[in-house]
Every structure is written in structure tokens, then in C-alpha cells.
$ cat query-v6.txt   # compact mmCIF, C-alpha atoms and all ligand atoms
# COMPACT_ATOMS: atom_id res chain seq x y z
CA MET M 1336 0.00 0.00 0.00
CA SER M 1337 1.38 3.41 -0.88
CA ILE M 1338 1.35 5.94 1.91
CA THR M 1339 0.56 9.60 1.45
CA ALA M 1340 1.08 12.30 4.05
CA GLU M 1341 0.31 15.36 1.98
CA ARG M 1342 1.04 18.83 3.25
CA VAL M 1343 -1.90 21.15 3.85
CA GLY M 1344 -3.34 21.57 0.38
CA SER M 1345 -4.28 24.76 -1.41
CA THR M 1346 -7.86 25.77 -0.78
CA THR M 1347 -8.52 27.06 -4.24
CA GLY M 1348 -9.73 24.97 -7.11
CA SER M 1349 -11.84 21.87 -6.90
CA ARG M 1350 -11.53 18.44 -8.47
CA SER M 1351 -14.93 17.58 -7.17
CA GLY M 1352 -16.98 17.49 -10.32
CA LEU M 1353 -19.96 18.46 -8.19
CA SER M 1354 -22.87 19.83 -10.16
CA ASN M 1355 -24.20 23.30 -9.45
CA GLN M 1356 -27.24 21.69 -7.83
CA GLU M 1357 -24.98 19.69 -5.52
CA ARG M 1358 -22.94 22.77 -4.59
CA LEU M 1359 -26.19 24.57 -3.76
CA GLU M 1360 -27.18 21.61 -1.63
CA LEU M 1361 -23.91 21.84 0.28
CA TYR M 1362 -24.60 25.54 0.87
CA TYR M 1363 -28.10 24.68 2.05
CA PHE M 1364 -26.80 22.15 4.59
CA LEU M 1365 -24.13 24.56 5.87
CA ARG M 1366 -26.77 27.18 6.50
CA LEU M 1367 -29.26 24.69 7.91
CA ALA M 1368 -26.68 23.43 10.39
CA ARG M 1369 -25.82 26.93 11.52
CA GLU M 1370 -29.44 28.00 11.87
CA CYS M 1371 -30.18 24.85 13.91
CA ASP M 1372 -27.27 25.78 16.18
CA SER M 1373 -28.63 29.31 16.55
CA ALA M 1374 -32.05 27.92 17.45
CA ILE M 1375 -30.44 25.60 20.01
CA LEU M 1376 -28.65 28.57 21.60
CA ARG M 1377 -31.91 30.55 21.70
CA LEU M 1378 -33.71 27.66 23.40
CA TYR M 1379 -30.85 27.37 25.88
CA LYS M 1380 -31.00 31.07 26.74
CA GLN M 1381 -34.77 30.82 27.14
CA GLY M 1382 -34.25 28.10 29.74
CA LYS M 1383 -36.02 25.51 27.60
CA MET M 1384 -33.15 23.02 27.40
CA VAL M 1385 -32.66 20.40 30.06
CA GLY M 1386 -28.86 20.20 29.90
CA GLY M 1387 -25.97 21.87 28.08
CA ALA M 1388 -25.91 23.17 24.52
CA TYR M 1389 -23.04 22.34 22.16
CA THR M 1390 -22.76 23.99 18.77
CA GLY M 1391 -20.63 23.49 15.69
CA TYR M 1392 -19.92 27.08 14.64
CA GLY M 1393 -16.76 26.89 12.52
CA ASN M 1394 -16.94 23.10 12.13
CA GLU M 1395 -19.81 23.11 9.59
CA ALA M 1396 -17.73 22.64 6.44
CA THR M 1397 -16.03 19.60 7.96
CA ALA M 1398 -19.30 18.03 9.11
CA VAL M 1399 -21.27 18.72 5.93
CA GLY M 1400 -18.56 18.11 3.33
CA SER M 1401 -17.54 14.79 4.86
CA ALA M 1402 -21.02 13.32 5.29
CA TYR M 1403 -21.89 14.41 1.75
CA ALA M 1404 -19.30 11.89 0.55
CA LEU M 1405 -21.27 8.98 2.04
CA GLU M 1406 -23.89 6.71 0.49
CA ASP M 1407 -27.09 5.63 2.25
CA ASN M 1408 -25.69 2.27 3.34
CA ASP M 1409 -22.56 3.84 4.87
CA TYR M 1410 -22.29 4.38 8.62
CA LEU M 1411 -21.87 7.73 10.38
CA PHE M 1412 -20.30 8.00 13.83
CA PRO M 1413 -20.28 11.79 14.39
CA MET M 1414 -19.11 13.78 17.41
CA HIS M 1415 -20.59 16.74 19.24
CA ARG M 1416 -19.75 19.40 16.61
CA ASP M 1417 -21.32 17.53 13.71
CA LEU M 1418 -24.98 18.44 13.54
CA GLY M 1419 -24.39 19.17 9.85
CA ALA M 1420 -23.39 15.53 9.29
CA HIS M 1421 -26.59 14.27 10.95
CA LEU M 1422 -28.62 16.50 8.61
CA VAL M 1423 -26.76 15.42 5.48
CA LYS M 1424 -27.19 11.74 6.42
CA GLY M 1425 -30.93 12.36 6.48
CA GLN M 1426 -31.84 13.09 10.08
CA SER M 1427 -35.08 15.07 10.35
CA LEU M 1428 -35.33 18.46 12.03
CA LYS M 1429 -38.11 17.01 14.17
CA ASN M 1430 -35.88 14.29 15.57
CA ILE M 1431 -33.03 16.75 16.12
CA PHE M 1432 -35.11 19.14 18.20
CA LEU M 1433 -37.01 16.40 20.04
CA GLN M 1434 -33.61 15.07 21.05
CA GLN M 1435 -32.19 18.51 21.97
CA LEU M 1436 -35.25 19.23 24.09
CA ALA M 1437 -35.12 15.73 25.64
CA ARG M 1438 -38.75 14.88 24.90
CA GLY M 1439 -40.32 11.49 25.54
CA ASN M 1440 -40.83 10.86 21.81
CA SER M 1441 -37.18 11.58 20.93
CA LEU M 1442 -34.80 8.93 19.65
CA THR M 1443 -33.47 8.35 23.17
CA ARG M 1444 -37.03 8.58 24.56
CA GLY M 1445 -35.99 11.57 26.68
CA ARG M 1446 -32.91 9.94 28.25
CA ASP M 1447 -30.51 12.48 26.76
CA GLY M 1448 -30.56 16.04 25.46
CA THR M 1449 -27.68 16.10 22.98
CA GLY M 1450 -26.53 14.26 19.87
CA HIS M 1451 -25.93 11.12 21.94
CA TYR M 1452 -28.46 8.99 20.09
CA ALA M 1453 -28.53 6.18 17.60
CA ASP M 1454 -30.77 5.92 14.58
CA PRO M 1455 -30.07 2.51 13.04
CA ALA M 1456 -32.50 3.16 10.16
CA LEU M 1457 -30.21 5.96 8.94
CA ARG M 1458 -27.05 4.21 10.10
CA ILE M 1459 -26.24 7.14 12.40
CA TYR M 1460 -24.61 6.25 15.71
CA GLY M 1461 -24.35 9.56 17.55
CA ASN M 1462 -21.41 10.03 19.82
CA VAL M 1463 -20.97 8.24 23.07
CA SER M 1464 -19.90 10.90 25.53
CA HIS M 1465 -16.53 9.36 26.40
CA LEU M 1466 -14.15 10.88 23.94
CA ALA M 1467 -12.36 8.43 21.64
CA ALA M 1468 -14.28 5.44 23.06
CA MET M 1469 -16.38 5.63 19.93
CA ILE M 1470 -13.42 4.86 17.67
CA PRO M 1471 -13.08 1.16 18.62
CA MET M 1472 -16.87 0.85 18.42
CA ALA M 1473 -16.95 2.33 14.93
CA VAL M 1474 -14.07 0.09 13.91
CA GLY M 1475 -16.07 -2.88 15.22
CA VAL M 1476 -18.95 -1.89 12.99
CA ALA M 1477 -16.55 -1.61 10.04
CA LEU M 1478 -15.38 -5.16 10.78
CA ALA M 1479 -18.95 -6.48 11.08
CA SER M 1480 -19.93 -4.74 7.87
CA LYS M 1481 -16.93 -6.20 6.04
CA LEU M 1482 -17.73 -9.71 7.28
CA ARG M 1483 -21.30 -9.25 6.07
CA LYS M 1484 -19.98 -8.07 2.68
CA GLU M 1485 -22.14 -4.94 2.81
CA ASN M 1486 -19.68 -2.88 0.79
CA ALA M 1487 -20.26 -0.04 3.27
CA VAL M 1488 -17.84 2.50 4.71
CA VAL M 1489 -17.71 3.79 8.29
CA MET M 1490 -17.00 7.48 8.83
CA ASN M 1491 -15.99 8.50 12.32
CA TYR M 1492 -14.97 11.83 13.87
CA ILE M 1493 -12.79 12.88 16.78
CA GLY M 1494 -11.57 16.24 18.12
CA ASP M 1495 -7.97 17.41 18.46
CA GLY M 1496 -8.31 16.79 22.19
CA GLY M 1497 -10.01 13.40 21.85
CA SER M 1498 -7.29 12.25 19.45
CA ASN M 1499 -4.89 12.05 22.42
CA VAL M 1500 -6.88 9.39 24.24
CA GLY M 1501 -5.58 5.80 24.13
CA ASP M 1502 -8.64 4.45 22.32
CA PHE M 1503 -7.60 6.50 19.29
CA HIS M 1504 -4.46 4.39 18.93
CA GLU M 1505 -6.11 1.04 19.60
CA GLY M 1506 -9.01 1.73 17.28
CA LEU M 1507 -7.04 3.11 14.36
CA ASN M 1508 -4.33 0.46 14.61
CA MET M 1509 -6.97 -2.28 14.56
CA ALA M 1510 -8.65 -0.68 11.53
CA ALA M 1511 -5.28 -0.59 9.74
CA VAL M 1512 -4.26 -4.15 10.64
CA MET M 1513 -7.62 -5.55 9.51
CA ASN M 1514 -7.67 -3.29 6.43
CA LEU M 1515 -11.18 -2.08 7.26
CA PRO M 1516 -13.35 0.38 5.31
CA PHE M 1517 -12.85 3.15 7.85
CA VAL M 1518 -12.37 6.92 7.57
CA LEU M 1519 -11.40 8.86 10.69
CA ILE M 1520 -11.62 12.64 10.68
CA ILE M 1521 -9.78 14.68 13.29
CA GLU M 1522 -11.58 17.99 13.63
CA ASN M 1523 -8.70 20.18 14.73
CA ASN M 1524 -10.51 23.30 15.95
CA GLN M 1525 -7.55 24.61 18.00
CA PHE M 1526 -9.00 23.94 21.45
CA ALA M 1527 -10.20 21.08 23.62
CA TYR M 1528 -12.39 22.96 26.06
CA SER M 1529 -9.85 25.57 27.33
CA THR M 1530 -6.71 23.63 26.31
CA PRO M 1531 -5.00 24.93 23.15
CA THR M 1532 -3.43 22.42 20.78
CA SER M 1533 0.07 23.62 21.86
CA LYS M 1534 -0.59 21.96 25.23
CA GLN M 1535 -2.02 18.78 23.71
CA HIS M 1536 0.65 17.56 21.31
CA VAL M 1537 3.91 18.56 19.67
CA ALA M 1538 3.24 16.85 16.36
CA GLN M 1539 3.40 19.26 13.47
CA LYS M 1540 0.32 17.71 11.95
CA LEU M 1541 -2.02 15.21 13.57
CA SER M 1542 -2.40 13.41 10.25
CA ASP M 1543 1.33 12.51 10.43
CA ARG M 1544 0.22 9.85 12.90
CA ALA M 1545 -1.17 7.93 9.93
CA LEU M 1546 2.39 6.98 8.98
CA GLY M 1547 2.73 5.12 12.27
CA TYR M 1548 -0.25 2.97 11.38
CA GLY M 1549 0.74 2.49 7.75
CA ILE M 1550 -2.36 4.18 6.40
CA HIS M 1551 -3.14 7.22 4.29
CA GLY M 1552 -3.12 10.55 6.11
CA VAL M 1553 -3.82 14.09 5.01
CA THR M 1554 -4.30 17.52 6.57
CA ILE M 1555 -6.68 19.91 4.84
CA ASP M 1556 -8.43 23.24 5.30
CA GLY M 1557 -11.53 22.36 7.32
CA THR M 1558 -13.37 25.54 6.39
CA ASP M 1559 -13.47 24.73 2.68
CA VAL M 1560 -16.47 22.46 2.19
CA ILE M 1561 -15.55 21.49 -1.37
CA LYS M 1562 -12.02 20.52 -0.35
CA VAL M 1563 -13.44 18.50 2.55
CA TYR M 1564 -15.86 16.75 0.21
CA ASP M 1565 -13.17 15.97 -2.37
CA THR M 1566 -10.80 14.54 0.21
CA CYS M 1567 -13.46 12.49 1.97
CA ARG M 1568 -14.93 11.20 -1.26
CA ALA M 1569 -11.50 9.93 -2.32
CA ALA M 1570 -11.02 8.29 1.09
CA VAL M 1571 -14.48 6.70 1.00
CA GLU M 1572 -13.92 5.34 -2.50
CA ARG M 1573 -10.53 3.93 -1.50
CA ALA M 1574 -12.10 2.27 1.55
CA ARG M 1575 -14.87 0.80 -0.59
CA ARG M 1576 -12.32 -0.63 -3.01
CA GLY M 1577 -10.84 -2.54 -0.08
CA GLU M 1578 -7.76 -0.32 0.23
CA GLY M 1579 -8.14 0.38 3.93
CA PRO M 1580 -8.54 3.32 6.30
CA THR M 1581 -7.66 7.01 5.94
CA LEU M 1582 -6.94 9.60 8.62
CA ILE M 1583 -8.02 13.12 7.65
CA GLU M 1584 -7.19 16.14 9.79
CA THR M 1585 -9.33 19.19 9.06
CA ILE M 1586 -8.04 22.52 10.35
CA THR M 1587 -10.68 24.89 11.62
CA MET M 1588 -11.61 26.98 14.65
CA ARG M 1589 -14.21 26.42 17.35
CA MET M 1590 -15.92 29.81 17.01
CA HIS M 1591 -17.88 29.55 20.27
CA GLY M 1592 -17.11 28.40 23.77
CA HIS M 1593 -17.01 24.68 24.43
CA SER M 1594 -20.69 24.84 25.37
CA ALA M 1595 -23.22 27.61 25.85
CA SER M 1596 -22.04 28.06 29.44
CA ASP M 1597 -18.45 28.78 28.39
CA ASP M 1598 -17.58 32.36 27.35
CA ALA M 1599 -14.24 31.22 25.85
CA SER M 1600 -12.43 34.09 27.60
CA TYR M 1601 -9.22 32.02 27.42
CA VAL M 1602 -9.11 32.30 23.60
CA PRO M 1603 -6.38 34.84 22.64
CA LYS M 1604 -7.71 38.21 21.58
CA GLY M 1605 -8.18 38.57 17.85
CA MET M 1606 -8.16 34.83 17.10
CA ILE M 1607 -11.92 34.63 16.53
CA GLU M 1608 -11.85 37.78 14.38
CA GLU M 1609 -9.04 36.30 12.31
CA TRP M 1610 -10.92 33.03 11.74
CA LYS M 1611 -14.14 34.86 10.85
CA LYS M 1612 -12.44 35.73 7.59
CA LYS M 1613 -12.53 32.01 6.79
CA ASP M 1614 -16.16 31.46 7.71
CA PRO M 1615 -17.20 28.26 5.87
CA ILE M 1616 -20.56 29.67 4.78
CA ASP M 1617 -19.21 33.02 3.55
CA ARG M 1618 -16.51 31.23 1.59
CA LEU M 1619 -18.89 29.03 -0.38
CA GLU M 1620 -21.44 31.83 -0.72
CA LYS M 1621 -18.89 34.07 -2.44
CA VAL M 1622 -18.02 31.35 -4.94
CA LEU M 1623 -21.66 30.50 -5.69
CA LEU M 1624 -22.66 34.16 -6.12
CA ASN M 1625 -19.70 34.72 -8.38
CA ASP M 1626 -20.61 31.65 -10.46
CA ARG M 1627 -24.24 32.88 -10.58
CA VAL M 1628 -25.40 29.62 -9.06
CA LEU M 1629 -26.74 31.52 -6.08
CA ASN M 1630 -28.70 34.74 -6.43
CA GLU M 1631 -30.89 36.93 -4.25
CA VAL M 1632 -34.03 35.02 -5.28
CA ASN M 1633 -32.97 31.41 -4.57
CA LYS M 1634 -31.04 32.57 -1.52
CA LYS M 1635 -34.16 34.12 -0.02
CA GLN M 1636 -36.24 31.03 -0.86
CA MET M 1637 -33.67 28.88 0.87
CA GLU M 1638 -33.60 31.10 3.96
CA GLU M 1639 -37.38 30.95 4.22
CA LYS M 1640 -37.39 27.17 3.87
CA ILE M 1641 -34.74 26.82 6.59
CA ALA M 1642 -36.47 29.22 8.98
CA SER M 1643 -39.93 27.67 8.58
CA GLY M 1644 -38.58 24.13 8.82
CA ILE M 1645 -36.77 24.88 12.07
CA GLU M 1646 -39.69 26.83 13.50
CA ALA M 1647 -42.10 23.93 12.85
CA ALA M 1648 -39.71 21.35 14.33
CA VAL M 1649 -39.03 23.46 17.44
CA GLN M 1650 -42.75 24.05 17.94
CA PHE M 1651 -43.51 20.33 17.55
CA ALA M 1652 -40.79 19.46 20.05
CA LEU M 1653 -41.87 22.09 22.58
CA GLU M 1654 -45.43 20.73 22.45
CA SER M 1655 -44.23 17.13 22.93
CA PRO M 1656 -44.33 15.65 26.43
CA TYR M 1657 -41.34 14.64 28.55
CA ALA M 1658 -40.98 10.93 29.29
CA PRO M 1659 -42.95 9.85 32.35
CA GLY M 1660 -40.69 9.60 35.40
CA GLU M 1661 -41.84 6.04 36.21
CA ASP M 1662 -40.13 4.52 33.17
CA ALA M 1663 -36.84 6.44 33.55
CA ALA M 1664 -34.80 3.24 33.91
CA GLU M 1665 -36.50 1.47 30.98
CA GLY M 1666 -34.23 0.83 28.02
CA VAL M 1667 -31.19 2.02 29.97
CA TYR M 1668 -30.03 -1.38 31.19
CA ALA M 1669 -30.05 -4.65 29.25
CA PRO M 1670 -32.87 -6.92 30.45
C1 LIG J 1701 -12.64 10.79 28.07
C2 LIG J 1701 -13.32 12.11 28.23
N1 LIG J 1701 -12.72 13.11 28.93
C3 LIG J 1701 -13.34 14.31 29.07
C4 LIG J 1701 -14.59 14.53 28.55
C5 LIG J 1701 -15.29 15.90 28.71
N2 LIG J 1701 -15.22 16.60 27.44
C6 LIG J 1701 -16.21 16.54 26.52
S1 LIG J 1701 -15.85 17.37 25.11
C7 LIG J 1701 -14.34 17.85 25.72
C8 LIG J 1701 -13.40 18.66 24.86
C9 LIG J 1701 -13.04 17.91 23.63
O1 LIG J 1701 -12.15 18.63 22.85
P1 LIG J 1701 -11.89 18.15 21.37
O2 LIG J 1701 -11.68 16.68 21.33
O3 LIG J 1701 -10.81 19.00 20.83
O4 LIG J 1701 -13.28 18.44 20.64
P2 LIG J 1701 -13.99 19.89 20.49
O5 LIG J 1701 -14.95 20.00 21.64
O6 LIG J 1701 -12.94 20.92 20.50
O7 LIG J 1701 -14.69 19.84 19.17
C10 LIG J 1701 -14.14 17.36 27.00
C11 LIG J 1701 -12.93 17.62 27.81
C12 LIG J 1701 -15.18 13.47 27.85
N3 LIG J 1701 -16.39 13.60 27.27
N4 LIG J 1701 -14.54 12.27 27.70
MG MG J 1702 -11.07 20.70 19.64
$ encode --input "query-v6.txt" --output "C-alpha cells"
Amino acid sequence: MSITAERVGSTTGSRSGLSNQERLELYYFLRLARECDSAILRLYKQGKMVGGAYTGYGNEATAVGSAYALEDNDYLFPMHRDLGAHLVKGQSLKNIFLQQLARGNSLTRGRDGTGHYADPALRIYGNVSHLAAMIPMAVGVALASKLRKENAVVMNYIGDGGSNVGDFHEGLNMAAVMNLPFVLIIENNQFAYSTPTSKQHVAQKLSDRALGYGIHGVTIDGTDVIKVYDTCRAAVERARRGEGPTLIETITMRMHGHSASDDASYVPKGMIEEWKKKDPIDRLEKVLLNDRVLNEVNKKQMEEKIASGIEAAVQFALESPYAPGEDAAEGVYAP
């Protein structure tokens, strides 16, 4: 197997061959993800959420571009910044807000208020809270899928911080040794809660770790949705051909605090302003306007569709009941 550890690629130009309609769809999902996050923050500030609120501001291009490279029978193991990936894989707004608002008719039947859910019908296995513990699980699914000859690929995500947990090594090494159809994305958004990457690792690039496992590794601009799509599509196709796992590091910035209760005051002054210039939505919008794929008319239509869709889902969730207290332990433990 040939090994590539490319340097951070240029962010201009695309090999994607995406149609204009597909590029518009990517733009739609970027905006949908961000508007969902904004709605989640509003609900949190209104005291309508049961627990914390985690958003993906700045991570949208990574979440959307990567999941867009998957087919229906592929598996998605996202982490807490990847609402955009849930949406691309087909999750409904209703289910997202029922889950966020911890209602009894949510996918976890009110047992959780975040993306910690599974939806086997869509092959989405939302993150387990313990960082990196999901990697060996996702690798296990890749093994099961290979044994069943499903021709499916597993896409899994981890943060810069989570990539330093031991499970990362065990999971990725196992995927490499067994030559599994597995793609692992490290979302390097500069911080793990308040810890900057300089205090997490001294590796120049986290994708260089791929060399140690004998697999493909690449570091790319995680704010460029087309670049993310291109890279992930190539990795997914390679995995489907039986050529093993890929480690993809996407460089971006966590534009908000770790959660809604964190004001991110530890982030150096000016850093957020600097990264705003690389806002994933603005970047694609400029290209699409310039190419006359997007215009004021279809942009407005899209905004209205997004706003009304979210409004209806939030309303439905707010009107849905919480789970009755008596059955709180049901479905939590194996019978
Ligand atoms: C093993 C483990 N330790 C600590 C936590 C608490 N925790 C949840 S998210 C998080 C920060 C993760 O940082 P990173 O992996 O960089 O992802 P990011 O939140 O920046 O996207 C921490 C410390 C956890 N969930 N699991
Ligand atoms: Mg991080």
C-alpha cells in the first residue's frame, strides 16, 4: 500500500466534479446546520433546554462536506460538533429538536438532550460521551460490515483533544491491521475545552500519525467544504475498493465556547476575528454568487425554507411531552 502524508493543500480549485445543484445543496446544509445551532442557543437562553448546549460554529464545512461523501448504506459516527453531518445523512429536524429538548418521543425517549443517540435506520450512531471510546466501536462496525460483505464505509470523527486518548491508537491500529473500510476525521478546531493544541501535542500535523499505522493521512483546510468533500470522497472510494482506512485532519476553529455556558475568555484576543475571515458559509457563498449559481431570489427562498422548517420542528418538540418519570430506567439497562 502506498502511503501519502500530503502537506496542507491549497484551498482554491476543486476536483470535485460536483454539479451546481450539488454545490447549492452543500450551501443549504451549511446554513441549515448553523441555523439549527442558533435555534439551540436561543432555546438554551430561554431556559427551555434540560442540559448543556453544544454547537458546531466553525466546524460546519467539515461536518457537511464529509457526510456528503457517504452513500445511504454507509455508517456515520459523528461527534458533538457535527450536527451538519446528521442532517446530510438524512436526520429530520423534528428528531433533532425532540432530542435537543429531551422529549419522551425523541430517539433516546428523553434519556438524553444532545446528539448522543442512535438511529439505526439511517445508520447514524451519535457520539458516546466518552471521547475516543467511539473509535473502537466504529471500527467494530466496520469489521462487522466487512464480514457481512455490505460494501459499506464507516466514517468517524474525533476532536484534536479526543485524538490524544488511548482508544484512538487502539481503534485506528486495529482498523489498519484488519484493512477495514474506515475513515477517521480529526476535527482540529484549535482547542479542547480551554486547552490549546500547543498543550495537547507537539506533532506538526495530527495526520502525520497515519504513517505510524501504515495508512493514508492528510491535513486539509476544514473551512473549505468542497475541499473536505473531495478529500473524503477519495477516502471513501478507497475504503470501498478494499484499500483500507484514511486519517483526515481538518483545520478549523471552534468559534464559540465549548458549550453555551463557556464564554471562551481564554481564547487569545483577535483569534476569533481572524478566523471569521474564513467562515465556511461566507466562503462558499462568495463562490456561488460569483458563479451565478446563487442569487438573491434562490437565496431568499432557501432562507425561508430553513427558517420555517426549524420553526415547525421546534414548535412540535416544545409541544411534545417529557418521558414519564416512572419509566426512567427502561431501556437504559439490558434486560
Ligand atoms: C474521556 C473524556 N474526557 C473528558 C470529557 C469531557 N469533554 C467533553 S468534550 C471535551 C473537549 C473535547 O475537545 P476536542 O476533542 O478537541 O473536541 P472539540 O470539543 O474541541 O470539538 C471534554 C474535555 C469526555 N467527554 N470524555
Ligand atoms: Mg477541539
$ axis_aligned_box --input "query-v6.txt" --around "ligand LIG 1701 (chain J)" --padding-each-side "6 Å" --output "lines of an AutoDock Vina configuration file"
center_x = -13.6
center_y = 15.9
center_z = 24.1
size_x = 17.6
size_y = 22.1
size_z = 21.9
$ residues_around --input "query-v6.txt" --residues "M:Leu1428" --least-positions-apart "2" --cutoff "12 Å" --atoms "all atoms listed in the file" --output "PyMOL selection string"
chain M and resi 1364+1367-1368+1370-1372+1374-1375+1418-1419+1421-1426+1430-1435+1441+1641-1652
$ write_last_selection --input "query-v6.txt" --atoms "C-alpha atoms" --output "mmCIF file, in the coordinates of the input"
data_model
loop_
_atom_site.group_PDB
_atom_site.id
_atom_site.type_symbol
_atom_site.label_atom_id
_atom_site.label_comp_id
_atom_site.auth_asym_id
_atom_site.auth_seq_id
_atom_site.Cartn_x
_atom_site.Cartn_y
_atom_site.Cartn_z
ATOM 1 C CA PHE M 1364 -26.800 22.150 4.590
ATOM 2 C CA LEU M 1367 -29.260 24.690 7.910
ATOM 3 C CA ALA M 1368 -26.680 23.430 10.390
ATOM 4 C CA GLU M 1370 -29.440 28.000 11.870
ATOM 5 C CA CYS M 1371 -30.180 24.850 13.910
ATOM 6 C CA ASP M 1372 -27.270 25.780 16.180
ATOM 7 C CA ALA M 1374 -32.050 27.920 17.450
ATOM 8 C CA ILE M 1375 -30.440 25.600 20.010
ATOM 9 C CA LEU M 1418 -24.980 18.440 13.540
ATOM 10 C CA GLY M 1419 -24.390 19.170 9.850
ATOM 11 C CA HIS M 1421 -26.590 14.270 10.950
ATOM 12 C CA LEU M 1422 -28.620 16.500 8.610
ATOM 13 C CA VAL M 1423 -26.760 15.420 5.480
ATOM 14 C CA LYS M 1424 -27.190 11.740 6.420
ATOM 15 C CA GLY M 1425 -30.930 12.360 6.480
ATOM 16 C CA GLN M 1426 -31.840 13.090 10.080
ATOM 17 C CA ASN M 1430 -35.880 14.290 15.570
ATOM 18 C CA ILE M 1431 -33.030 16.750 16.120
ATOM 19 C CA PHE M 1432 -35.110 19.140 18.200
ATOM 20 C CA LEU M 1433 -37.010 16.400 20.040
ATOM 21 C CA GLN M 1434 -33.610 15.070 21.050
ATOM 22 C CA GLN M 1435 -32.190 18.510 21.970
ATOM 23 C CA SER M 1441 -37.180 11.580 20.930
ATOM 24 C CA ILE M 1641 -34.740 26.820 6.590
ATOM 25 C CA ALA M 1642 -36.470 29.220 8.980
ATOM 26 C CA SER M 1643 -39.930 27.670 8.580
ATOM 27 C CA GLY M 1644 -38.580 24.130 8.820
ATOM 28 C CA ILE M 1645 -36.770 24.880 12.070
ATOM 29 C CA GLU M 1646 -39.690 26.830 13.500
ATOM 30 C CA ALA M 1647 -42.100 23.930 12.850
ATOM 31 C CA ALA M 1648 -39.710 21.350 14.330
ATOM 32 C CA VAL M 1649 -39.030 23.460 17.440
ATOM 33 C CA GLN M 1650 -42.750 24.050 17.940
ATOM 34 C CA PHE M 1651 -43.510 20.330 17.550
ATOM 35 C CA ALA M 1652 -40.790 19.460 20.050
#
$ residues_near_point --input "query-v6.txt" --point "(-22.8, 13.7, 3.3)" --cutoff "12 Å" --atoms "all atoms listed in the file" --output "number ranges by chain"
M: 1357, 1360-1361, 1364-1365, 1395-1411, 1413, 1417-1426, 1459, 1490, 1560-1561, 1563-1565, 1567-1568, 1571
$ residues_near_ligand --input "query-v6.txt" --ligand "ligand MG 1702 (chain J)" --cutoff "10 Å" --atoms "all atoms listed in the file" --output "ChimeraX atom specification"
/M:1394,1416,1493-1498,1521-1532,1586-1589,1593
$ closest_residue --input "query-v6.txt" --among "M:Lys1380, M:Lys1635, M:Arg1444, M:Arg1458" --to "M:Tyr1363" --atoms "all atoms listed in the file"
M:Lys1635
$ atom_distance --input "query-v6.txt" --atom1 "atom CA of M:Pro1670" --atom2 "atom CA of M:Arg1446"
17.0 Å
$ decode --input "query-v6.txt" --residues "stretch 1571-1608 of chain M" --atoms "C-alpha atoms" --output "PDB file, in the first residue's frame"
ATOM      1  CA  VAL M1571     -14.477   6.696   1.000  1.00  0.00           C
ATOM      2  CA  GLU M1572     -13.917   5.337  -2.504  1.00  0.00           C
ATOM      3  CA  ARG M1573     -10.527   3.932  -1.497  1.00  0.00           C
ATOM      4  CA  ALA M1574     -12.098   2.270   1.546  1.00  0.00           C
ATOM      5  CA  ARG M1575     -14.871   0.803  -0.594  1.00  0.00           C
ATOM      6  CA  ARG M1576     -12.322  -0.631  -3.006  1.00  0.00           C
ATOM      7  CA  GLY M1577     -10.843  -2.540  -0.075  1.00  0.00           C
ATOM      8  CA  GLU M1578      -7.759  -0.318   0.232  1.00  0.00           C
ATOM      9  CA  GLY M1579      -8.142   0.375   3.926  1.00  0.00           C
ATOM     10  CA  PRO M1580      -8.542   3.321   6.297  1.00  0.00           C
ATOM     11  CA  THR M1581      -7.659   7.010   5.945  1.00  0.00           C
ATOM     12  CA  LEU M1582      -6.935   9.599   8.621  1.00  0.00           C
ATOM     13  CA  ILE M1583      -8.024  13.117   7.649  1.00  0.00           C
ATOM     14  CA  GLU M1584      -7.191  16.141   9.786  1.00  0.00           C
ATOM     15  CA  THR M1585      -9.334  19.189   9.065  1.00  0.00           C
ATOM     16  CA  ILE M1586      -8.045  22.523  10.352  1.00  0.00           C
ATOM     17  CA  THR M1587     -10.684  24.890  11.622  1.00  0.00           C
ATOM     18  CA  MET M1588     -11.609  26.977  14.651  1.00  0.00           C
ATOM     19  CA  ARG M1589     -14.212  26.419  17.347  1.00  0.00           C
ATOM     20  CA  MET M1590     -15.916  29.810  17.012  1.00  0.00           C
ATOM     21  CA  HIS M1591     -17.879  29.555  20.269  1.00  0.00           C
ATOM     22  CA  GLY M1592     -17.113  28.401  23.770  1.00  0.00           C
ATOM     23  CA  HIS M1593     -17.011  24.675  24.427  1.00  0.00           C
ATOM     24  CA  SER M1594     -20.688  24.838  25.368  1.00  0.00           C
ATOM     25  CA  ALA M1595     -23.216  27.609  25.851  1.00  0.00           C
ATOM     26  CA  SER M1596     -22.042  28.058  29.445  1.00  0.00           C
ATOM     27  CA  ASP M1597     -18.447  28.782  28.394  1.00  0.00           C
ATOM     28  CA  ASP M1598     -17.577  32.364  27.351  1.00  0.00           C
ATOM     29  CA  ALA M1599     -14.239  31.221  25.848  1.00  0.00           C
ATOM     30  CA  SER M1600     -12.435  34.090  27.601  1.00  0.00           C
ATOM     31  CA  TYR M1601      -9.217  32.023  27.420  1.00  0.00           C
ATOM     32  CA  VAL M1602      -9.105  32.300  23.602  1.00  0.00           C
ATOM     33  CA  PRO M1603      -6.383  34.838  22.644  1.00  0.00           C
ATOM     34  CA  LYS M1604      -7.714  38.208  21.579  1.00  0.00           C
ATOM     35  CA  GLY M1605      -8.178  38.568  17.852  1.00  0.00           C
ATOM     36  CA  MET M1606      -8.165  34.832  17.105  1.00  0.00           C
ATOM     37  CA  ILE M1607     -11.916  34.630  16.531  1.00  0.00           C
ATOM     38  CA  GLU M1608     -11.850  37.780  14.383  1.00  0.00           C
TER      39      GLU M1608
END
